[in-house]
Structures are given as C-alpha cells and as structure tokens.
Amino acid sequence: MEQPVPRRRVTIIDVARHAQVSTTAVSKVLRNAYGASPEMRAKVRRSIDELGYRPHAGARGLRGQTYTIGVMLPDIRNPFFPEILDGITASLEATEYQVFLGPGCNGEKAEARVTDAMIDRGMDGIILVAPVSSRAYLERVAASVPTAVVGRQGASPVYDTVADEDNEGAALVVGHLAGLGHRRIAHIEHHETDPTRLVEMPNARRADGYRQAMRAHGLAEWIDVVSTSYTQEGGYQGAKELLARPCRPTAVFAGADIVAMGVLDAFAEAGLSVPGGISVAGYDNTTFAALSQISLTSVDQAGHEMGSNAVRLLLERITDRHRPSVQVTLSPTLVPRRTTARPGE
C-alpha cells in the first residue's frame, strides 16, 4: 500500500506570498508589533487561516518567547484544582499563550521533575498550584522563569502569590457550626511536619484557624484534630477514627471537599445520617458540593478568581522581571447547605 506523502509545513514565507506582503510584515502581525496597519493585519490573518499556518514553537523560543505557560497541579483527582485551571485558561483566551499541564503528585521530587521539564522546554512562565517544594527550590525556579504560586502563603522577592485567607475560612466553618449549637466539632487535616509548610500551606493554616476559632468560641476542651491526607481515602480513614472515639463529635470540619466525600462515605457505611446524626462541612466549594444529592456546606475560596489573578500577575512579571513581588489574598465565604444542622436534628 502506497504511503501518503507527509504534508510540508507551511512557513512564514508561504504566508507572505499568499498575502502578497513581505515576511517582515507577517512577522509584525504575528508579534503584534507596531507598524502593521489594520488592513495588513486582516490580510495576513486571512492568509494564516486559509493556509493553516502554525508558528514553530522552537523558532519562536529562539526569538525570546514560546507563548507557552506551564501549570503544575498537585493532584489531578482533587476537583478544586480544575476550578483554578478554568480561571487560568479563561484569562488566557484573548492572548496567544497556550497552557501545558504537569502533575506534581504531591511530592517534592515529582514537582521538581515536572517544573524542571517546563523550564527546559523554554516556557515563558510557570504557575505552581499548592506546591510542597521548599522555599529555596521555588526561588530557584523563579530565578529561571517568571513564576506565580497559587494556594500557598508567604512572601518572596522573586515570585508572586495568590492565596485564600485559610485561617478566616476555618473560622467561618467553626462559627457556623457553633452557631447551630455544636460543641464537639472535630477537624480532619492533611498531615504536615515541615516548619515552612506549617506556616505557608493551606492545610496547616486551616487547622490553625480551626484551633483558634474553637478557643474563641469557648470550645478549647473539644478541640479534636485527626491528621490524614487531603484525599477521599484520607477523609474516609479520618471519619473511621472519629467514629471510634468514646465520645464522638456531633460535627466534622473536613479540610477540603475531597476529604468530605470520604467522610460522607464512612458515615453512610456506618449507617449514620447526615446531618441528622452528625453534621459535615468541607472547604473549596467544588462543583459537586452543590449537587442536590450531596448539598455540602463548604467554604468558597474562589478558585476561578485565584487562577485569573495568577495569570494577571504572571503576565506582568513576564513583561517586567524586576518589578516588586505581589501577594494577593482573597477573602473566603461560607456556603451553608444541607449537610449541617443543629445537633440531634
């Protein structure tokens, strides 16, 4: 059988000939540079569309930009992270930038492998979502390529940050549950031991906010924290541990919605009704939290807005590598739903 002849790649010279302009004019249009009239831009764009021309990323990289943004997501199974990604992609729709994703897998080695690969491929900027890597490593990355860090507190002179005020969000949950009459309010956190991450990571700050809020409401004696992981399995195991308590809680604050899903599974398996037998609240206000079958009380930390802010800061840093770093902190809101009610209802 005769093999099809591979189609030759359309070049900038082909576009110039088709549009009957110079290659310099085509280059100006592609770079959105000064000196090309609206008529010329329209003519070149028509030729680009008709010929199916695609700029060669490697060649563009040699000229200084690849128009690619790398995004590292720590856990692609967590439904909150796609909301950040939606904000990122929506903010880049009107630009020439393309997004490339890499899974960080919640580990420093995996994060470094993905991030280094993005740097090696000449990406113009990198957005790191909830990275667990050391501050020193993050600053080395930012010294190589413009970088924005999402979902992690802490100021750095070389990269920008966008985060939620996690202490405040935790206080909203405790205040809501205490207002309903709960006293035995437990919290399931993501286990953390690194000193820097205990200060900067959202899981640690939510746990700290929970403890502070319990004390503020006069509930210090009922502080009960189970350390597992921000996964569905972590929520399931944490709930099983709480159910084994001699005096089990009347309400559980799961540190993330994905954790709350595991909690709900464990309670259903134990024949415990929610919220009649026990109340459950999450954090992230993911899309499934609003599903009528689940109707999970949760904290909205505006994932879409986090992503759009990260893009804004990153594009500004690509334009000016030496501008002062910026830290954006968003205020969370509580979204009460049917998984929380007064004790014993």
# chains A, B, ... in the order shown; residues from 1 in each chain; ligands from 1
>>> residues_around(residues="Asn78 in chain A", least_positions_apart="2", cutoff="10 Å", atoms="only C-alpha atoms", output="ChimeraX atom specification")
/A:73-76,80-82,230-232,256-259,286
>>> write_last_selection(atoms="N, CA and C atoms", output="compact mmCIF listing (two decimals), in the first residue's frame")
# COMPACT_ATOMS: atom_id res chain seq x y z
N LEU A 73 -0.18 21.08 38.65
CA LEU A 73 -1.28 20.77 39.57
C LEU A 73 -0.83 19.63 40.48
N PRO A 74 -1.01 19.76 41.79
CA PRO A 74 -0.50 18.74 42.70
C PRO A 74 -1.26 17.43 42.65
N ASP A 75 -2.58 17.47 42.41
CA ASP A 75 -3.39 16.25 42.43
C ASP A 75 -4.54 16.42 41.45
N ILE A 76 -4.47 15.75 40.32
CA ILE A 76 -5.49 15.94 39.28
C ILE A 76 -6.82 15.31 39.69
N PHE A 80 -11.11 20.57 43.12
CA PHE A 80 -10.94 22.02 43.26
C PHE A 80 -9.94 22.57 42.26
N PHE A 81 -8.91 21.82 41.95
CA PHE A 81 -7.85 22.34 41.09
C PHE A 81 -8.31 22.67 39.67
N PRO A 82 -9.25 21.91 39.08
CA PRO A 82 -9.76 22.33 37.77
C PRO A 82 -10.43 23.71 37.78
N TYR A 230 -5.30 15.06 52.37
CA TYR A 230 -6.36 15.72 51.60
C TYR A 230 -6.74 14.85 50.40
N THR A 231 -7.31 13.70 50.69
CA THR A 231 -7.79 12.78 49.67
C THR A 231 -9.11 12.20 50.16
N GLN A 232 -9.84 11.54 49.26
CA GLN A 232 -11.08 10.89 49.68
C GLN A 232 -10.78 9.78 50.68
N ALA A 256 -10.99 19.83 53.20
CA ALA A 256 -11.21 20.03 51.76
C ALA A 256 -12.44 19.22 51.36
N ASP A 257 -13.10 19.63 50.30
CA ASP A 257 -14.30 18.91 49.85
C ASP A 257 -14.00 17.45 49.52
N ILE A 258 -12.83 17.21 48.92
CA ILE A 258 -12.47 15.83 48.57
C ILE A 258 -12.36 14.98 49.83
N VAL A 259 -11.93 15.59 50.93
CA VAL A 259 -11.88 14.90 52.22
C VAL A 259 -13.31 14.63 52.72
N THR A 286 -16.44 23.07 45.71
CA THR A 286 -16.29 22.49 44.39
C THR A 286 -17.66 22.24 43.77
>>> residues_around(residues="Val26 in chain A", least_positions_apart="2", cutoff="8 Å", atoms="only C-alpha atoms", output="list of chain:residue names")
A:Ile12, A:Val15, A:Ala16, A:Val21, A:Ser22, A:Thr23, A:Thr24, A:Lys28, A:Val29, A:Leu30, A:Val44
>>> residues_around(residues="range 108-115 of chain A", least_positions_apart="2", cutoff="9 Å", atoms="only C-alpha atoms", output="list in words")
Gly70, Val71, Met72, Leu73, Pro74, Gly102, Pro103, Gly104, Cys105, Asn106, Ala117, Met118, Ile119, Asp120, Ile126, Leu128, Pro131, Val132, Ser133, Ser134, Tyr137 and Val141 of chain A
>>> residues_around(residues="Ala143 in chain A", least_positions_apart="2", cutoff="12 Å", atoms="only C-alpha atoms", output="count of residues only")
20
>>> atom_distance(atom1="CA of Ala244 in chain A", atom2="CA of Arg211 in chain A")
21.5 Å
>>> closest_residue(among="A:Ser227, A:Thr68, A:Thr161, A:Ser273", to="Thr95 in chain A", atoms="only C-alpha atoms")
A:Thr68
>>> residues_around(residues="Phe288 in chain A", least_positions_apart="6", cutoff="9 Å", atoms="only C-alpha atoms", output="VMD selection string")
chain A and resid 79 257 294 to 296
>>> closest_residue(among="A:Gly344, A:Pro195, A:Gly238, A:Pro332", to="Asp164 in chain A", atoms="only C-alpha atoms")
A:Pro332
>>> select_by_dssp(residues="range 69-158 of chain A", states="strand (DSSP E)", output="PyMOL selection string")
chain A and resi 69-73+98-103+125-129+147-150
>>> select_by_dssp(residues="range 31-142 of chain A", states="helix (DSSP H, G or I)", output="VMD selection string")
chain A and resid 38 to 51 57 to 62 81 to 92 108 to 120 135 to 142
>>> residues_around(residues="Val150 in chain A", least_positions_apart="5", cutoff="8 Å", atoms="only C-alpha atoms", output="list in words")
Ile127, Leu128, Val129, Ala130, Thr161, Val162, Ala163, Met306, Gly307 and Ala310 of chain A
>>> write_last_selection(atoms="C-alpha atoms", output="short mmCIF file (atom, residue, chain, number, x, y, z; two decimals), in the first residue's frame")
data_model
loop_
_atom_site.label_atom_id
_atom_site.label_comp_id
_atom_site.auth_asym_id
_atom_site.auth_seq_id
_atom_site.Cartn_x
_atom_site.Cartn_y
_atom_site.Cartn_z
CA ILE A 127 2.10 28.71 37.64
CA LEU A 128 2.64 26.35 40.58
CA VAL A 129 -0.57 25.33 42.37
CA ALA A 130 -0.14 24.47 46.07
CA THR A 161 1.48 34.57 45.22
CA VAL A 162 -2.29 34.18 45.16
CA ALA A 163 -3.92 32.52 48.16
CA MET A 306 -7.35 32.62 42.05
CA GLY A 307 -6.47 31.37 38.57
CA ALA A 310 -2.27 34.24 38.87
#
>>> atom_distance(atom1="CA of Asn203 in chain A", atom2="CA of Leu264 in chain A")
19.6 Å
>>> atom_distance(atom1="CA of Ile84 in chain A", atom2="CA of Thr193 in chain A")
26.1 Å
>>> closest_residue(among="A:Glu168, A:Asp224, A:Asp160, A:Glu305", to="Glu189 in chain A", atoms="only C-alpha atoms")
A:Asp224
>>> residues_around(residues="Ala341 in chain A", least_positions_apart="5", cutoff="8 Å", atoms="only C-alpha atoms", output="PyMOL selection string")
chain A and resi 177+180+275-276+279
